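query.pdb, holding PDB, C-alpha atoms:
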ATOM      1  CA  MET A   1       0.000   0.000   0.000
ATOM      2  CA  THR A   2       2.819   2.400   0.857
ATOM      3  CA  LYS A   3       4.575   1.688  -2.429
ATOM      4  CA  ASP A   4       1.315   2.302  -4.308
ATOM      5  CA  THR A   5       0.899   5.613  -2.494
ATOM      6  CA  ASP A   6       4.504   6.619  -3.250
ATOM      7  CA  ALA A   7       3.983   5.781  -6.915
ATOM      8  CA  LEU A   8       0.750   7.792  -7.105
ATOM      9  CA  VAL A   9       2.523  10.769  -5.538
ATOM     10  CA  ALA A  10       5.298  10.388  -8.118
ATOM     11  CA  ILE A  11       2.718  10.275 -10.928
ATOM     12  CA  LYS A  12       1.060  13.455  -9.652
ATOM     13  CA  ARG A  13       4.390  15.286  -9.693
ATOM     14  CA  ILE A  14       5.113  14.502 -13.339
ATOM     15  CA  LEU A  15       1.580  14.966 -14.701
ATOM     16  CA  SER A  16       0.598  18.055 -16.636
ATOM     17  CA  PRO A  17      -1.494  20.594 -14.637
ATOM     18  CA  HIS A  18      -4.698  19.631 -16.480
ATOM     19  CA  CYS A  19      -4.428  15.949 -15.501
ATOM     20  CA  ARG A  20      -5.513  14.209 -12.309
ATOM     21  CA  VAL A  21      -4.857  10.691 -11.016
ATOM     22  CA  VAL A  22      -7.347   8.619  -9.016
ATOM     23  CA  ARG A  23      -6.699   5.289  -7.306
ATOM     24  CA  MET A  24      -8.869   2.475  -8.642
ATOM     25  CA  SER A  25      -9.378  -1.116  -7.489
ATOM     26  CA  GLY A  26      -7.259  -2.465 -10.343
ATOM     27  CA  GLY A  27      -4.671   0.323 -10.485
ATOM     28  CA  ALA A  28      -5.124   4.022 -11.251
ATOM     29  CA  LEU A  29      -7.024   6.267 -13.662
ATOM     30  CA  ILE A  30      -5.473   9.411 -15.131
ATOM     31  CA  ALA A  31      -8.053  11.967 -16.237
ATOM     32  CA  ASP A  32      -7.067  14.509 -18.893
ATOM     33  CA  TRP A  33      -9.714  17.193 -18.361
ATOM     34  CA  ARG A  34      -8.450  19.468 -21.133
ATOM     35  CA  ARG A  35      -9.125  16.848 -23.815
ATOM     36  CA  THR A  36     -11.710  14.806 -21.894
ATOM     37  CA  ARG A  37      -9.587  11.679 -22.152
ATOM     38  CA  PHE A  38      -8.809   8.942 -19.655
ATOM     39  CA  LEU A  39      -5.755   6.733 -19.331
ATOM     40  CA  GLY A  40      -5.644   3.629 -17.140
ATOM     41  CA  MET A  41      -2.619   2.219 -15.306
ATOM     42  CA  THR A  42      -2.546  -1.304 -13.934
ATOM     43  CA  THR A  43      -1.383  -2.199 -10.432
ATOM     44  CA  ALA A  44       1.677  -3.820 -12.032
ATOM     45  CA  ASP A  45       2.600  -0.543 -13.732
ATOM     46  CA  ILE A  46       2.168   1.322 -10.454
ATOM     47  CA  HIS A  47       4.524  -1.142  -8.771
ATOM     48  CA  LYS A  48       7.065  -0.639 -11.561
ATOM     49  CA  LEU A  49       6.946   3.099 -11.053
ATOM     50  CA  ALA A  50       7.397   2.632  -7.315
ATOM     51  CA  ASP A  51      10.301   0.162  -7.297
ATOM     52  CA  GLY A  52      11.026  -0.932 -10.861
ATOM     53  CA  THR A  53      14.277  -0.578 -12.752
ATOM     54  CA  PRO A  54      15.230   2.825 -14.236
ATOM     55  CA  ALA A  55      14.419   1.437 -17.708
ATOM     56  CA  GLU A  56      10.941   0.329 -16.583
ATOM     57  CA  ARG A  57      10.213   3.696 -14.978
ATOM     58  CA  ALA A  58      11.496   5.531 -18.052
ATOM     59  CA  GLU A  59       9.215   3.445 -20.281
ATOM     60  CA  LEU A  60       6.165   4.363 -18.198
ATOM     61  CA  VAL A  61       7.039   8.061 -18.107
ATOM     62  CA  THR A  62       7.667   8.043 -21.865
ATOM     63  CA  ALA A  63       4.198   6.556 -22.369
ATOM     64  CA  LEU A  64       2.680   9.356 -20.253
ATOM     65  CA  VAL A  65       4.605  11.959 -22.263
ATOM     66  CA  HIS A  66       3.449  10.482 -25.581
ATOM     67  CA  ALA A  67      -0.130  10.450 -24.299
ATOM     68  CA  GLY A  68       0.175  14.155 -23.547
ATOM     69  CA  CYS A  69      -0.304  13.641 -19.817
ATOM     70  CA  ALA A  70       3.211  14.604 -18.696
ATOM     71  CA  ALA A  71       5.954  17.001 -19.715
ATOM     72  CA  PRO A  72       9.280  15.450 -20.762
ATOM     73  CA  HIS A  73      11.376  17.765 -18.606
ATOM     74  CA  ARG A  74      10.771  19.846 -15.511
ATOM     75  CA  LYS A  75      11.369  23.563 -15.902
ATOM     76  CA  ARG A  76      14.688  24.714 -14.442
ATOM     77  CA  CYS A  77      14.817  27.323 -11.684
ATOM     78  CA  THR A  78      15.982  30.813 -12.572
ATOM     79  CA  ASP A  79      18.915  32.311 -10.681
ATOM     80  CA  ALA A  80      16.511  34.393  -8.592
ATOM     81  CA  GLU A  81      14.411  31.333  -7.714
ATOM     82  CA  THR A  82      17.540  29.440  -6.704
ATOM     83  CA  GLY A  83      18.455  32.348  -4.439
ATOM     84  CA  ARG A  84      15.037  32.201  -2.794
ATOM     85  CA  TRP A  85      15.435  28.447  -2.263
ATOM     86  CA  LEU A  86      18.787  29.084  -0.576
ATOM     87  CA  CYS A  87      17.290  31.623   1.826
ATOM     88  CA  ALA A  88      14.295  29.384   2.605
ATOM     89  CA  VAL A  89      16.481  26.320   3.253
ATOM     90  CA  HIS A  90      18.872  28.335   5.417
ATOM     91  CA  LEU A  91      15.961  29.695   7.464
ATOM     92  CA  LEU A  92      14.603  26.162   7.964
ATOM     93  CA  ILE A  93      18.011  24.883   9.100
ATOM     94  CA  ARG A  94      18.400  27.745  11.569
ATOM     95  CA  THR A  95      14.850  27.274  12.860
ATOM     96  CA  LEU A  96      14.469  23.483  12.952
ATOM     97  CA  GLY A  97      18.060  22.275  12.973
ATOM     98  CA  PHE A  98      19.991  20.431  10.271
ATOM     99  CA  GLY A  99      18.951  16.952  11.446
ATOM    100  CA  ARG A 100      15.236  17.718  11.290
ATOM    101  CA  VAL A 101      15.566  19.306   7.867
ATOM    102  CA  LEU A 102      17.203  16.111   6.600
ATOM    103  CA  ARG A 103      14.248  14.104   7.921
ATOM    104  CA  LEU A 104      11.849  16.451   6.096
ATOM    105  CA  LEU A 105      13.561  16.107   2.706
ATOM    106  CA  SER A 106      10.900  13.677   1.470
ATOM    107  CA  LEU A 107       8.396  16.561   1.465
ATOM    108  CA  ALA A 108      10.409  18.593  -1.043
ATOM    109  CA  ALA A 109      12.635  16.074  -2.838
ATOM    110  CA  PRO A 110      10.675  13.504  -4.917
ATOM    111  CA  ASP A 111      11.799   9.868  -4.872
ATOM    112  CA  TYR A 112      11.186   9.441  -8.606
ATOM    113  CA  ALA A 113      14.137  10.015 -10.937
ATOM    114  CA  ARG A 114      14.407   9.882 -14.712
ATOM    115  CA  ALA A 115      16.436   7.065 -16.197
ATOM    116  CA  ASP A 116      18.736   9.420 -18.105
ATOM    117  CA  PRO A 117      21.714  10.629 -16.026
ATOM    118  CA  PRO A 118      22.135  14.270 -15.010
ATOM    119  CA  ASP A 119      23.848  16.457 -17.583
ATOM    120  CA  ALA A 120      27.217  17.677 -16.277
ATOM    121  CA  GLU A 121      26.680  21.097 -17.868
ATOM    122  CA  ASP A 122      23.348  21.563 -16.064
ATOM    123  CA  VAL A 123      24.860  20.492 -12.731
ATOM    124  CA  ALA A 124      27.855  22.798 -13.262
ATOM    125  CA  ARG A 125      25.505  25.705 -13.937
ATOM    126  CA  LEU A 126      23.514  24.947 -10.789
ATOM    127  CA  LYS A 127      26.763  24.782  -8.803
ATOM    128  CA  ARG A 128      27.849  28.200 -10.071
ATOM    129  CA  VAL A 129      24.494  29.767  -9.228
ATOM    130  CA  VAL A 130      24.206  28.144  -5.783
ATOM    131  CA  GLN A 131      27.733  29.083  -4.723
ATOM    132  CA  SER A 132      27.655  32.620  -6.103
ATOM    133  CA  ARG A 133      24.289  33.335  -4.469
ATOM    134  CA  ALA A 134      25.388  31.783  -1.169
ATOM    135  CA  ARG A 135      28.633  33.763  -1.069
ATOM    136  CA  SER A 136      26.987  37.079  -1.966
ATOM    137  CA  SER A 137      24.183  36.706   0.602
ATOM    138  CA  TRP A 138      24.859  38.022   4.095
ATOM    139  CA  PHE A 139      22.026  35.777   5.327
ATOM    140  CA  VAL A 140      23.252  32.470   3.862
ATOM    141  CA  ASN A 141      26.920  33.436   4.302
ATOM    142  CA  ASP A 142      28.419  30.561   2.273
ATOM    143  CA  ASP A 143      26.918  27.832   4.503
ATOM    144  CA  CYS A 144      27.743  24.353   3.166
ATOM    145  CA  LYS A 145      24.634  22.734   4.696
ATOM    146  CA  THR A 146      22.359  25.219   2.957
ATOM    147  CA  GLU A 147      24.126  24.836  -0.380
ATOM    148  CA  ALA A 148      24.073  21.021  -0.213
ATOM    149  CA  VAL A 149      20.398  20.726   0.750
ATOM    150  CA  THR A 150      19.308  23.330  -1.820
ATOM    151  CA  ALA A 151      21.221  21.601  -4.618
ATOM    152  CA  PHE A 152      19.852  18.193  -3.605
ATOM    153  CA  VAL A 153      16.236  19.380  -3.504
ATOM    154  CA  LEU A 154      16.441  21.229  -6.829
ATOM    155  CA  LEU A 155      18.147  18.331  -8.631
ATOM    156  CA  ARG A 156      15.584  15.856  -7.293
ATOM    157  CA  ARG A 157      12.742  18.173  -8.274
ATOM    158  CA  TYR A 158      14.209  18.205 -11.805
ATOM    159  CA  GLY A 159      13.860  14.402 -11.699
ATOM    160  CA  LEU A 160      17.628  13.872 -11.611
ATOM    161  CA  GLN A 161      19.684  11.466  -9.529
ATOM    162  CA  ALA A 162      21.619  13.158  -6.722
ATOM    163  CA  THR A 163      23.146  12.135  -3.398
ATOM    164  CA  LEU A 164      23.512  14.324  -0.335
ATOM    165  CA  HIS A 165      26.504  13.541   1.899
ATOM    166  CA  VAL A 166      27.394  14.586   5.422
ATOM    167  CA  GLY A 167      31.056  14.017   6.246
ATOM    168  CA  VAL A 168      33.400  14.396   9.186
ATOM    169  CA  ARG A 169      37.079  15.262   9.602
ATOM    170  CA  GLU A 170      38.855  14.251  12.804
ATOM    171  CA  HIS A 171      41.937  16.502  12.935
ATOM    172  CA  PRO A 172      40.903  19.208  13.486
ATOM    173  CA  PHE A 173      37.313  18.094  14.005
ATOM    174  CA  ALA A 174      34.805  19.519  11.511
ATOM    175  CA  LEU A 175      31.584  18.600   9.717
ATOM    176  CA  HIS A 176      30.803  19.265   6.093
ATOM    177  CA  ALA A 177      27.841  18.667   3.747
ATOM    178  CA  TRP A 178      27.771  18.395  -0.037
ATOM    179  CA  THR A 179      25.619  16.991  -2.849
ATOM    180  CA  THR A 180      26.993  14.956  -5.750
ATOM    181  CA  ALA A 181      25.550  14.564  -9.250
ATOM    182  CA  ALA A 182      27.136  13.908 -12.656
ATOM    183  CA  GLY A 183      30.558  13.599 -10.991
ATOM    184  CA  LEU A 184      30.356  17.109  -9.498
ATOM    185  CA  SER A 185      29.953  18.236  -5.873
ATOM    186  CA  ILE A 186      27.888  21.180  -4.595
ATOM    187  CA  PRO A 187      29.679  22.675  -2.711
ATOM    188  CA  ASP A 188      33.148  21.117  -3.130
ATOM    189  CA  ALA A 189      33.551  17.825  -1.262
ATOM    190  CA  ASP A 190      37.033  18.769  -0.037
ATOM    191  CA  PRO A 191      37.057  22.519   0.648
ATOM    192  CA  ARG A 192      40.555  23.972   0.955
ATOM    193  CA  GLY A 193      41.988  20.520   0.263
ATOM    194  CA  HIS A 194      40.592  18.947   3.449
ATOM    195  CA  ALA A 195      39.079  15.489   2.937
ATOM    196  CA  PHE A 196      35.893  14.512   4.771
ATOM    197  CA  ALA A 197      34.796  10.923   5.360
ATOM    198  CA  PRO A 198      31.041  10.507   4.609
ATOM    199  CA  VAL A 199      29.042   9.330   7.616
ATOM    200  CA  LEU A 200      25.582   9.806   6.056
ATOM    201  CA  SER A 201      24.413   9.615   2.433
ATOM    202  CA  ILE A 202      20.883  10.286   1.173
ATOM    203  CA  ASP A 203      20.012   9.499  -2.434
ATOM    204  CA  ARG A 204      16.214   9.641  -2.252
ATOM    205  CA  GLY A 205      13.718  12.019  -0.649
ATOM    206  CA  GLY A 206      14.541  10.997   2.907
ATOM    207  CA  GLN A 207      16.460   7.726   2.670
TER     208      GLN A 207
END

Mind turning this structure into structure tokens?
Amino acid sequence: MTKDTDALVAIKRILSPHCRVVRMSGGALIADWRRTRFLGMTTADIHKLADGTPAERAELVTALVHAGCAAPHRKRCTDAETGRWLCAVHLLIRTLGFGRVLRLLSLAAPDYARADPPDAEDVARLKRVVQSRARSSWFVNDDCKTEAVTAFVLLRRYGLQATLHVGVREHPFALHAWTTAAGLSIPDADPRGHAFAPVLSIDRGGQ
């Protein structure tokens, strides 16, 4: 039941605004109100979307795109929107604490990811925007936790694979957070040449 619910939530996030999904006894029904059309999904397809292979999930999403029920790509954030995400994430971390924010990631970072890997150019652009905005903001003040969580949430909301790491260094003791995608780290995984050993890695909404 939980997997079915997770899959339905994932479907809702990729559907076009004029489409709605309703759970049915034998699966789910997608209603396209703009064209007055209906598309059925079996329970087996819902299970594939919840825990199938990347190829199986990609096949289902492609079918939704061809049916006109989903957009092929999620719109990227503008630089200003990324800056607002940074401020909002930083405020949440200061208010709730870093640990609680990590536990709440599932609310903002979808579990579903496209089968195609992240494009290094897109990730590099996001890294430039996140770091420049964080360094120029007196509020964020170049905070690694804020940069890592913001990058993770935005990449996941694009439908891209990303992993958030929290690492530790013993001598001298320090903590550091960063997100990896397409072979890049946001922020850098080893700032100023100091290596951090990961003690926590999250590659889905809250897992």

Q. Which of these, A:Gly99, A:Pro172, A:Gly68, A:Gly27, has the shortest distance to A:Lys145 once you count all atoms listed in the file?
A. A:Gly99

Q) When you draw a straight line from atom CA of A:Gly40 to atom CA of A:Tyr158, how long is it in Å? A)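 Between these atoms lies a distance of 25.2 Å.
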
Could you list, as a CSV table (one decimal) with C-alpha atoms, in the coordinates of the input, every residue within 8 Å of A:Gln161, counting only C-alpha atoms and ignoring same-chain residues fewer than 2 positions away?
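around-v6.csv was written with the following content:
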chain,number,residue,atom,x,y,z
A,113,ALA,CA,14.1,10.0,-10.9
A,114,ARG,CA,14.4,9.9,-14.7
A,117,PRO,CA,21.7,10.6,-16.0
A,118,PRO,CA,22.1,14.3,-15.0
A,155,LEU,CA,18.1,18.3,-8.6
A,156,ARG,CA,15.6,15.9,-7.3
A,159,GLY,CA,13.9,14.4,-11.7
A,163,THR,CA,23.1,12.1,-3.4
A,181,ALA,CA,25.6,14.6,-9.2
A,203,ASP,CA,20.0,9.5,-2.4

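Atom CA of A:Val153 sits 9.2 Å away from atom CA of A:Trp85.
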
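Of the listed residues A:Arg23, A:Ala120, A:Arg37, A:Lys127, the one whose atoms come nearest to A:Asp79 is A:Lys127, with distances taken using all atoms listed in the file.
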
Q: Using the chain letters and numbering of this document, enumerate as a PyMOL selection string the residues selected by the PyMOL selection byres ((chain A and resi 186-197) around 6).
A: chain A and resi 127+148+167-169+178-179+185+198

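Interatomic distance, atom CA of A:Thr42 to atom CA of A:Ala28: 6.5 Å.
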
A:Arg84 environment, 12 Å, all atoms listed in the file, sequence neighbours closer than 5 positions dropped, as a PDB file with C-alpha atoms, in the frame of the given file:
ATOM      1  CA  CYS A  77      14.817  27.323 -11.684  1.00  0.00           C
ATOM      2  CA  THR A  78      15.982  30.813 -12.572  1.00  0.00           C
ATOM      3  CA  ASP A  79      18.915  32.311 -10.681  1.00  0.00           C
ATOM      4  CA  VAL A  89      16.481  26.320   3.253  1.00  0.00           C
ATOM      5  CA  HIS A  90      18.872  28.335   5.417  1.00  0.00           C
ATOM      6  CA  LEU A  91      15.961  29.695   7.464  1.00  0.00           C
ATOM      7  CA  VAL A 129      24.494  29.767  -9.228  1.00  0.00           C
ATOM      8  CA  VAL A 130      24.206  28.144  -5.783  1.00  0.00           C
ATOM      9  CA  ARG A 133      24.289  33.335  -4.469  1.00  0.00           C
ATOM     10  CA  ALA A 134      25.388  31.783  -1.169  1.00  0.00           C
ATOM     11  CA  SER A 137      24.183  36.706   0.602  1.00  0.00           C
ATOM     12  CA  PHE A 139      22.026  35.777   5.327  1.00  0.00           C
ATOM     13  CA  VAL A 140      23.252  32.470   3.862  1.00  0.00           C
ATOM     14  CA  THR A 146      22.359  25.219   2.957  1.00  0.00           C
ATOM     15  CA  GLU A 147      24.126  24.836  -0.380  1.00  0.00           C
ATOM     16  CA  THR A 150      19.308  23.330  -1.820  1.00  0.00           C
ATOM     17  CA  LEU A 154      16.441  21.229  -6.829  1.00  0.00           C
TER      18      LEU A 154
END

Q: With a distance cut-off of 9 Å and all atoms listed in the file, select the neighbouring residues of A:Cys19, excluding the residue or stretch itself and same-chain residues fewer than 2 positions from it, and output the selection as a PyMOL selection string.
A: chain A and resi 12+15-17+21+30-34+69-70

Q: Would you please work out which residue, of A:Gly83, A:Phe152, A:His165, A:Ala88, is nearest to A:Gln131 when using all atoms listed in the file?
A: A:Gly83

Q) Restricting the calculation to only C-alpha atoms, which member of A:Ile11, A:Phe38, A:Thr43, A:Arg128 is positioned closest to A:Val61? A) A:Ile11

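Between A:Ala10 and the candidates A:Thr53, A:Thr82, A:Ser201, A:Ser106, the tightest atom-to-atom separation, counting only C-alpha atoms, involves A:Ser106.
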
**Q.** Counting all atoms listed in the file, the residue of A:Leu200, A:Leu8, A:Leu107, A:Leu126 that sits nearest A:Ala177
**A.**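 Selected residue with least distance to A:Ala177: A:Leu200.
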
Hey, could you patch up stretch 77-88 of chain A with all heavy atoms and hand it over as a compact mmCIF listing (two decimals), keeping the file's coordinate frame?
# COMPACT_ATOMS: atom_id res chain seq x y z
N CYS A 77 14.96 26.11 -12.48
CA CYS A 77 14.82 27.32 -11.68
C CYS A 77 15.66 28.45 -12.29
O CYS A 77 16.76 28.20 -12.79
CB CYS A 77 15.28 27.08 -10.25
SG CYS A 77 14.02 26.36 -9.19
N THR A 78 15.17 29.66 -12.20
CA THR A 78 15.98 30.81 -12.57
C THR A 78 16.98 31.08 -11.44
O THR A 78 16.87 30.53 -10.34
CB THR A 78 15.10 32.04 -12.79
OG1 THR A 78 14.47 32.39 -11.54
CG2 THR A 78 14.02 31.77 -13.84
N ASP A 79 17.93 31.96 -11.71
CA ASP A 79 18.92 32.31 -10.68
C ASP A 79 18.23 32.92 -9.46
O ASP A 79 18.60 32.61 -8.32
CB ASP A 79 19.93 33.31 -11.25
CG ASP A 79 20.83 32.68 -12.31
OD1 ASP A 79 20.59 31.51 -12.66
OD2 ASP A 79 21.75 33.37 -12.79
N ALA A 80 17.21 33.76 -9.71
CA ALA A 80 16.51 34.39 -8.59
C ALA A 80 15.75 33.36 -7.77
O ALA A 80 15.74 33.43 -6.52
CB ALA A 80 15.55 35.46 -9.12
N GLU A 81 15.13 32.39 -8.44
CA GLU A 81 14.41 31.33 -7.71
C GLU A 81 15.36 30.48 -6.89
O GLU A 81 15.06 30.10 -5.75
CB GLU A 81 13.64 30.46 -8.70
CG GLU A 81 12.43 31.16 -9.33
CD GLU A 81 11.81 30.35 -10.45
OE1 GLU A 81 12.54 29.57 -11.11
OE2 GLU A 81 10.60 30.49 -10.68
N THR A 82 16.54 30.20 -7.46
CA THR A 82 17.54 29.44 -6.70
C THR A 82 17.96 30.21 -5.46
O THR A 82 18.14 29.63 -4.38
CB THR A 82 18.77 29.15 -7.59
OG1 THR A 82 18.37 28.41 -8.74
CG2 THR A 82 19.82 28.36 -6.82
N GLY A 83 18.11 31.52 -5.59
CA GLY A 83 18.45 32.35 -4.44
C GLY A 83 17.38 32.30 -3.36
O GLY A 83 17.70 32.25 -2.16
N ARG A 84 16.13 32.29 -3.78
CA ARG A 84 15.04 32.20 -2.79
C ARG A 84 15.04 30.84 -2.11
O ARG A 84 14.76 30.74 -0.90
CB ARG A 84 13.70 32.48 -3.48
CG ARG A 84 13.51 33.95 -3.87
CD ARG A 84 12.07 34.24 -4.24
NE ARG A 84 11.70 33.68 -5.52
CZ ARG A 84 11.85 34.29 -6.70
NH1 ARG A 84 12.39 35.49 -6.73
NH2 ARG A 84 11.47 33.72 -7.81
N TRP A 85 15.33 29.77 -2.88
CA TRP A 85 15.44 28.45 -2.26
C TRP A 85 16.55 28.43 -1.22
O TRP A 85 16.38 27.85 -0.13
CB TRP A 85 15.71 27.39 -3.35
CG TRP A 85 14.48 26.78 -3.93
CD1 TRP A 85 13.88 27.10 -5.11
CD2 TRP A 85 13.69 25.74 -3.36
NE1 TRP A 85 12.77 26.32 -5.31
CE2 TRP A 85 12.62 25.48 -4.25
CE3 TRP A 85 13.77 25.01 -2.18
CZ2 TRP A 85 11.65 24.51 -4.00
CZ3 TRP A 85 12.80 24.04 -1.93
CH2 TRP A 85 11.76 23.80 -2.83
N LEU A 86 17.68 29.04 -1.53
CA LEU A 86 18.79 29.08 -0.58
C LEU A 86 18.37 29.76 0.73
O LEU A 86 18.64 29.25 1.82
CB LEU A 86 19.98 29.83 -1.19
CG LEU A 86 20.89 29.05 -2.13
CD1 LEU A 86 21.78 30.01 -2.91
CD2 LEU A 86 21.75 28.06 -1.34
N CYS A 87 17.72 30.89 0.62
CA CYS A 87 17.29 31.62 1.83
C CYS A 87 16.27 30.82 2.62
O CYS A 87 16.33 30.76 3.86
CB CYS A 87 16.71 32.98 1.43
SG CYS A 87 17.94 34.15 0.81
N ALA A 88 15.32 30.17 1.92
CA ALA A 88 14.30 29.38 2.60
C ALA A 88 14.91 28.18 3.32
O ALA A 88 14.57 27.89 4.47
CB ALA A 88 13.24 28.93 1.61
